[in-house]
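For reference, query13.cif (mmCIF, C-alpha atoms and all ligand atoms):
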```cif
data_data
loop_
_atom_site.label_atom_id
_atom_site.label_comp_id
_atom_site.auth_asym_id
_atom_site.auth_seq_id
_atom_site.Cartn_x
_atom_site.Cartn_y
_atom_site.Cartn_z
CA MET S 1 90.77 144.60 72.61
CA THR S 2 92.58 146.07 75.62
CA THR S 3 92.12 145.28 79.28
CA THR S 4 92.10 147.78 82.12
CA PRO S 5 94.25 146.95 85.15
CA GLY S 6 92.13 146.54 88.27
CA ALA S 7 88.94 145.86 86.34
CA PRO S 8 88.70 142.07 86.39
CA SER S 9 85.28 142.08 84.79
CA LEU S 10 86.86 143.44 81.64
CA LEU S 11 89.57 140.77 81.51
CA LEU S 12 89.00 138.34 78.74
CA SER S 13 90.27 134.80 78.93
CA ASP S 14 92.96 133.78 76.45
CA ARG S 15 90.37 131.86 74.54
CA GLU S 16 88.16 134.93 74.15
CA LEU S 17 91.05 137.19 73.24
CA VAL S 18 92.05 134.87 70.41
CA ALA S 19 88.44 134.58 69.23
CA GLU S 20 87.97 138.37 69.21
CA ARG S 21 91.09 138.84 67.10
CA LEU S 22 90.02 136.13 64.68
CA LEU S 23 86.52 137.60 64.36
CA THR S 24 87.97 141.03 63.60
CA ALA S 25 90.34 139.57 60.99
CA SER S 26 87.47 137.57 59.43
CA ALA S 27 85.36 140.71 59.13
CA LYS S 28 88.21 142.42 57.25
CA HIS S 29 89.57 139.61 55.08
CA SER S 30 86.94 137.13 53.94
CA PHE S 31 86.20 136.27 50.34
CA ASP S 32 83.23 135.15 48.33
CA PRO S 33 84.72 132.80 45.72
CA GLU S 34 81.57 133.13 43.62
CA THR S 35 82.30 136.76 42.83
CA GLU S 36 86.03 136.89 43.59
CA LEU S 37 87.06 134.39 40.91
CA ASP S 38 86.47 134.31 37.16
CA TRP S 39 84.80 130.94 36.76
CA ASP S 40 84.01 131.48 33.08
CA ALA S 41 87.59 132.13 31.96
CA PRO S 42 88.93 129.17 29.99
CA LEU S 43 91.86 127.17 31.41
CA VAL S 44 95.20 128.33 29.99
CA PRO S 45 97.00 125.80 27.76
CA GLY S 46 100.53 125.01 28.96
CA LEU S 47 99.99 126.09 32.57
CA TRP S 48 100.20 123.68 35.52
CA PHE S 49 97.54 122.85 38.08
CA LEU S 50 99.98 122.09 40.87
CA PRO S 51 103.66 123.08 41.25
CA GLU S 52 105.70 120.49 39.38
CA HIS S 53 107.67 119.26 42.40
CA LEU S 54 104.44 118.55 44.32
CA VAL S 55 103.16 116.09 41.70
CA SER S 56 103.49 112.60 43.20
CA LEU S 57 105.56 111.10 40.36
CA TYR S 58 108.00 114.03 40.15
CA GLY S 59 111.60 112.85 39.87
CA THR S 60 110.78 109.16 39.29
CA PRO S 61 112.09 107.24 36.22
CA MET S 62 108.55 107.32 34.88
CA TRP S 63 108.41 111.11 35.22
CA GLU S 64 111.64 111.42 33.24
CA ARG S 65 109.99 109.56 30.35
CA MET S 66 106.79 111.64 30.38
CA SER S 67 106.28 114.59 28.04
CA GLU S 68 105.61 118.04 29.50
CA GLU S 69 102.02 117.68 28.33
CA GLN S 70 101.56 114.37 30.21
CA ARG S 71 103.10 115.85 33.33
CA ILE S 72 100.71 118.80 33.25
CA GLU S 73 97.82 116.42 32.64
CA LEU S 74 98.78 114.43 35.77
CA SER S 75 99.00 117.71 37.74
CA ARG S 76 95.40 118.43 36.64
CA HIS S 77 94.18 115.10 38.04
CA GLU S 78 96.20 115.44 41.25
CA ALA S 79 94.87 118.98 41.83
CA ALA S 80 91.33 117.59 41.41
CA SER S 81 92.15 114.78 43.85
CA LEU S 82 93.46 117.23 46.45
CA ALA S 83 90.34 119.38 46.04
CA SER S 84 88.08 116.30 46.31
CA ALA S 85 89.89 115.21 49.49
CA GLY S 86 89.65 118.81 50.71
CA ILE S 87 85.86 118.74 50.41
CA TRP S 88 85.67 115.42 52.28
CA PHE S 89 87.91 116.77 55.05
CA GLU S 90 85.99 120.03 55.32
CA VAL S 91 82.62 118.30 55.57
CA ILE S 92 84.09 116.36 58.50
CA LEU S 93 85.52 119.54 60.05
CA MET S 94 82.19 121.35 59.83
CA GLN S 95 80.61 118.51 61.82
CA LEU S 96 83.44 118.48 64.37
CA LEU S 97 83.05 122.23 64.89
CA ALA S 98 79.27 121.93 65.27
CA ARG S 99 79.80 119.19 67.87
CA HIS S 100 82.45 121.26 69.66
CA ILE S 101 80.08 124.17 70.29
CA TYR S 102 76.98 122.06 71.02
CA ASP S 103 77.12 122.72 74.79
CA LEU S 104 78.95 126.06 74.78
CA ASP S 105 77.64 129.58 75.41
CA PRO S 106 76.76 131.09 72.01
CA ARG S 107 77.40 134.62 73.33
CA THR S 108 81.14 133.93 73.48
CA GLY S 109 83.55 134.93 70.76
CA HIS S 110 84.84 131.35 70.85
CA VAL S 111 81.50 129.96 69.65
CA GLN S 112 80.90 132.80 67.23
CA TYR S 113 84.28 132.22 65.64
CA ALA S 114 83.50 128.50 65.28
CA LEU S 115 80.33 129.50 63.42
CA THR S 116 82.38 131.87 61.24
CA GLU S 117 84.74 129.02 60.45
CA VAL S 118 81.86 126.72 59.48
CA ALA S 119 80.69 129.46 57.10
CA ASP S 120 84.24 129.72 55.65
CA GLU S 121 84.38 125.94 55.11
CA CYS S 122 80.98 126.00 53.38
CA ARG S 123 82.32 128.51 50.88
CA HIS S 124 85.60 126.58 50.49
CA SER S 125 83.91 123.26 49.82
CA LYS S 126 81.67 124.82 47.22
CA MET S 127 84.72 126.51 45.66
CA PHE S 128 86.62 123.19 45.53
CA ALA S 129 83.56 121.49 44.09
CA ARG S 130 83.34 124.06 41.30
CA MET S 131 87.07 123.63 40.67
CA VAL S 132 86.74 119.85 40.33
CA ALA S 133 83.88 120.33 37.89
CA LYS S 134 85.86 122.91 35.92
CA LEU S 135 88.91 120.62 35.67
CA GLU S 136 86.71 117.90 34.08
CA THR S 137 88.68 115.06 35.63
CA GLY S 138 85.82 113.36 37.41
CA TRP S 139 85.43 113.36 41.19
CA TYR S 140 88.11 111.55 43.21
CA GLN S 141 86.11 110.34 46.17
CA PRO S 142 88.26 108.91 49.01
CA GLY S 143 88.15 105.12 49.39
CA GLY S 144 85.46 103.27 51.35
CA MET S 145 87.71 102.44 54.34
CA SER S 146 88.85 106.07 54.70
CA ARG S 147 85.23 107.23 54.58
CA PHE S 148 84.25 104.63 57.17
CA LEU S 149 87.02 105.81 59.54
CA GLY S 150 86.10 109.45 58.85
CA ARG S 151 82.51 108.69 59.78
CA ILE S 152 83.60 107.23 63.13
CA LEU S 153 85.94 110.16 63.81
CA LYS S 154 83.40 112.86 63.06
CA THR S 155 80.78 111.17 65.25
CA THR S 156 82.86 110.16 68.27
CA ALA S 157 86.13 112.14 68.51
CA PRO S 158 86.57 114.02 71.79
CA THR S 159 87.59 117.69 71.47
CA PRO S 160 91.40 117.36 71.44
CA ALA S 161 91.25 114.55 68.86
CA ALA S 162 88.88 116.66 66.75
CA PHE S 163 91.30 119.60 66.72
CA THR S 164 94.25 117.31 66.01
CA ALA S 165 92.44 115.96 62.94
CA THR S 166 91.56 119.51 61.92
CA LEU S 167 95.19 120.61 62.06
CA LEU S 168 96.39 117.53 60.23
CA VAL S 169 94.36 118.43 57.20
CA GLU S 170 94.60 122.20 57.36
CA GLU S 171 98.34 122.46 57.91
CA ILE S 172 99.35 119.92 55.26
CA LEU S 173 97.16 121.46 52.56
CA ASP S 174 98.20 124.93 53.68
CA ARG S 175 101.89 124.17 53.23
CA MET S 176 101.25 122.98 49.67
CA GLN S 177 98.94 125.88 48.83
CA ARG S 178 101.43 128.48 50.08
CA VAL S 179 103.82 127.49 47.30
CA THR S 180 101.00 127.17 44.75
CA PHE S 181 99.37 130.60 44.70
CA PRO S 182 102.51 132.70 44.09
CA ASP S 183 103.69 130.41 41.24
CA GLU S 184 103.24 132.03 37.81
CA ARG S 185 103.37 128.70 36.02
CA ILE S 186 100.06 127.70 37.68
CA GLN S 187 96.57 128.20 36.20
CA PRO S 188 95.11 131.58 37.33
CA LEU S 189 91.95 129.89 38.67
CA VAL S 190 93.98 127.51 40.86
CA ARG S 191 96.13 130.40 42.07
CA GLY S 192 93.01 132.39 43.00
CA ILE S 193 91.46 129.45 44.84
CA THR S 194 94.61 128.64 46.80
CA ARG S 195 95.15 132.30 47.70
CA ILE S 196 91.66 132.62 49.20
CA HIS S 197 92.13 129.34 51.03
CA VAL S 198 95.52 130.25 52.50
CA VAL S 199 94.26 133.61 53.83
CA GLU S 200 91.19 132.13 55.54
CA GLU S 201 92.88 128.93 56.74
CA THR S 202 95.58 130.90 58.56
CA ARG S 203 92.86 131.85 61.06
CA HIS S 204 91.52 128.31 61.27
CA VAL S 205 94.98 126.98 62.07
CA ARG S 206 95.41 129.60 64.76
CA TYR S 207 92.03 128.74 66.32
CA ALA S 208 92.70 124.99 66.27
CA ARG S 209 96.27 125.31 67.58
CA GLU S 210 95.23 127.53 70.49
CA GLU S 211 92.36 125.22 71.41
CA LEU S 212 94.44 122.05 71.12
CA ARG S 213 97.17 123.58 73.27
CA ARG S 214 94.58 124.27 75.99
CA GLN S 215 92.89 120.90 75.58
CA MET S 216 96.15 118.96 75.95
CA VAL S 217 96.48 120.51 79.42
CA THR S 218 92.87 120.62 80.60
CA ALA S 219 91.06 117.70 78.93
CA PRO S 220 90.43 114.50 80.92
CA LEU S 221 93.30 112.02 80.81
CA TRP S 222 91.37 109.52 78.68
CA GLU S 223 90.71 112.17 76.02
CA ARG S 224 94.37 113.10 75.85
CA SER S 225 95.45 109.44 75.61
CA PHE S 226 92.80 108.78 72.98
CA THR S 227 94.05 111.78 71.01
CA ARG S 228 97.67 110.52 71.06
CA LEU S 229 96.73 107.01 70.04
CA THR S 230 94.37 107.99 67.23
CA SER S 231 96.52 110.84 65.89
CA GLY S 232 98.82 108.39 64.12
CA GLN S 233 95.92 106.53 62.52
CA ALA S 234 94.37 109.84 61.45
CA ALA S 235 97.74 110.78 59.90
CA VAL S 236 97.80 107.51 57.95
CA VAL S 237 94.26 108.05 56.62
CA VAL S 238 94.86 111.70 55.70
CA ALA S 239 98.19 111.03 53.95
CA ARG S 240 96.65 108.13 52.02
CA SER S 241 93.60 110.13 50.94
CA LEU S 242 95.32 113.11 49.34
CA ILE S 243 96.14 111.52 45.99
CA SER S 244 93.67 108.93 44.77
CA PRO S 245 95.34 106.02 42.89
CA LYS S 246 92.69 106.65 40.23
CA VAL S 247 94.48 109.85 39.14
CA TYR S 248 97.05 107.73 37.29
CA ALA S 249 94.40 105.99 35.24
CA GLY S 250 92.78 109.39 34.70
CA ALA S 251 96.03 110.66 33.22
CA GLY S 252 96.35 107.56 31.04
CA LEU S 253 99.14 105.92 33.07
CA ASP S 254 99.64 102.39 34.45
CA VAL S 255 98.24 102.57 38.01
CA ASP S 256 100.30 99.73 39.55
CA GLU S 257 103.55 100.95 38.05
CA CYS S 258 102.86 104.53 39.20
CA LEU S 259 102.10 103.38 42.74
CA ARG S 260 105.32 101.35 42.81
CA GLN S 261 107.39 104.31 41.66
CA VAL S 262 105.74 106.76 44.05
CA ARG S 263 106.36 104.38 46.97
CA ALA S 264 110.03 104.11 45.99
CA SER S 265 110.47 107.86 45.52
CA GLU S 266 112.76 109.59 48.01
CA HIS S 267 111.59 112.96 46.66
CA ARG S 268 107.96 112.06 47.46
CA ARG S 269 108.90 110.96 50.98
CA GLU S 270 110.70 114.25 51.49
CA THR S 271 107.71 116.20 50.12
CA MET S 272 105.26 114.47 52.46
CA ARG S 273 107.54 115.07 55.46
CA TRP S 274 108.01 118.69 54.41
CA SER S 275 104.23 119.18 54.17
CA ALA S 276 103.78 118.10 57.80
CA GLU S 277 107.01 119.52 59.23
CA LYS S 278 105.53 122.48 61.13
CA LEU S 279 102.54 120.46 62.26
CA VAL S 280 104.71 117.65 63.62
CA GLU S 281 106.82 120.17 65.53
CA PHE S 282 103.67 121.62 67.11
CA LEU S 283 102.17 118.22 67.97
CA GLU S 284 105.44 117.12 69.59
CA GLU S 285 105.55 120.32 71.61
CA THR S 286 101.94 119.90 72.83
CA GLY S 287 102.48 116.24 73.66
CA VAL S 288 100.18 114.72 71.02
CA ILE S 289 103.04 112.93 69.26
CA HIS S 290 104.50 111.21 72.26
CA GLY S 291 105.67 107.68 72.96
CA ARG S 292 107.10 104.91 70.79
CA ALA S 293 103.83 103.39 69.55
CA VAL S 294 102.44 106.78 68.53
CA ARG S 295 105.65 107.76 66.72
CA ALA S 296 105.70 104.41 64.89
CA GLU S 297 102.21 105.05 63.55
CA TRP S 298 103.18 108.57 62.46
CA ARG S 299 106.20 107.17 60.65
CA ARG S 300 103.89 104.71 58.89
CA SER S 301 101.91 107.68 57.57
CA GLY S 302 105.07 109.00 55.90
CA LEU S 303 104.54 112.40 57.55
CA LEU S 304 107.25 111.90 60.21
FE FE T 1 88.91 125.33 54.10
FE FE T 2 89.72 125.31 57.63
#
```
What does this structure look like when you write it as structure tokens?
Amino acid sequence: MTTTPGAPSLLLSDRELVAERLLTASAKHSFDPETELDWDAPLVPGLWFLPEHLVSLYGTPMWERMSEEQRIELSRHEAASLASAGIWFEVILMQLLARHIYDLDPRTGHVQYALTEVADECRHSKMFARMVAKLETGWYQPGGMSRFLGRILKTTAPTPAAFTATLLVEEILDRMQRVTFPDERIQPLVRGITRIHVVEETRHVRYAREELRRQMVTAPLWERSFTRLTSGQAAVVVARSLISPKVYAGAGLDVDECLRQVRASEHRRETMRWSAEKLVEFLEETGVIHGRAVRAEWRRSGLL
């Protein structure tokens, strides 16, 4: 949309300009996973469900002893865990978005894009749910404490904290999915799912980043302080919820030994930091990650 000099009534705020662009892009590039993907095709023997180096045990002594078949089996359970966590996160995000627009003018592009995003997340969660069912691993529901904290967050978080939580989840999963869909060693169904998700989430990340940038300047001081303080705790919960410890039992491995090896793995630490690298840079720049106490909590999450 262009603006005409000297016609202030036609000038759109930054927020509206971004929303208009995102609405146009959504109209052009949105997918219906029900028809876009071949849900009836059988899984392909010998193909992975997650790129090898993203599997939590990769590079550990235990990994070295596992057969290729066992490694692929663990990737199947970890992909199901990521999808299960994805559904939990998205159900929270849908509620945060609905709360965000509760008092806003529905005629604006900003509100209409939020509604578009809720519709995207509905399709995504259903797509992830079908994937979990197809993988036949069981459902890896996040632990009780994570769900309790998620319930508080989705009910009480002020706007900047809500968008920080949104980005935490979207950017970390996005980084992993961007290396998943182009990989020819991955199951076609998983590649299709991650491709759809990456395309649509690019817009969500843009929307959340732009809004958080504004909020960290304009929101009341208490909201900004609350956002800083809780961002680290949110990072801990998100990082902990991605891979359920139950995946190891699901793949027939010793849970305690796996957890010990994952905790000791330098490769895993690097992978987690890599997944949040761009996000951390953005949150530092906008002043969310700021101050010793906040940084300490982020380091505890393993994402910094
Ligand atoms: Fe999504
Ligand atoms: Fe999203």
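The space separating CA of Thr24 in chain S from CA of Leu96 in chain S comes to 23.0 Å.
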Problem - Given 6 Å and all atoms listed in the file, residues near ligand FE 2 (chain T) as a ChimeraX atom specification - result: /S:121,170,201,204
Give as an mmCIF file with C-alpha atoms, in the frame of the given file the residues surrounding ligand FE 1 (chain T) up to a distance of 9 Å, considering only C-alpha atoms and all ligand atoms.
```cif
data_model
loop_
_atom_site.group_PDB
_atom_site.id
_atom_site.type_symbol
_atom_site.label_atom_id
_atom_site.label_comp_id
_atom_site.auth_asym_id
_atom_site.auth_seq_id
_atom_site.Cartn_x
_atom_site.Cartn_y
_atom_site.Cartn_z
ATOM 1 C CA GLY S 86 89.650 118.810 50.710
ATOM 2 C CA ILE S 87 85.860 118.740 50.410
ATOM 3 C CA PHE S 89 87.910 116.770 55.050
ATOM 4 C CA GLU S 90 85.990 120.030 55.320
ATOM 5 C CA LEU S 93 85.520 119.540 60.050
ATOM 6 C CA GLU S 117 84.740 129.020 60.450
ATOM 7 C CA VAL S 118 81.860 126.720 59.480
ATOM 8 C CA ASP S 120 84.240 129.720 55.650
ATOM 9 C CA GLU S 121 84.380 125.940 55.110
ATOM 10 C CA CYS S 122 80.980 126.000 53.380
ATOM 11 C CA ARG S 123 82.320 128.510 50.880
ATOM 12 C CA HIS S 124 85.600 126.580 50.490
ATOM 13 C CA SER S 125 83.910 123.260 49.820
ATOM 14 C CA GLU S 170 94.600 122.200 57.360
ATOM 15 C CA HIS S 197 92.130 129.340 51.030
ATOM 16 C CA VAL S 198 95.520 130.250 52.500
ATOM 17 C CA GLU S 200 91.190 132.130 55.540
ATOM 18 C CA GLU S 201 92.880 128.930 56.740
ATOM 19 C CA HIS S 204 91.520 128.310 61.270
#
```
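Our summary of the geometry notes that CA of Trp222 in chain S is positioned 20.7 Å from CA of Leu168 in chain S.
Minimum atom-to-atom distances from S:Arg71, S:Arg209, S:Arg107, S:Arg151 to Glu52 in chain S were compared using all atoms listed in the file, and the lowest value belongs to S:Arg71.
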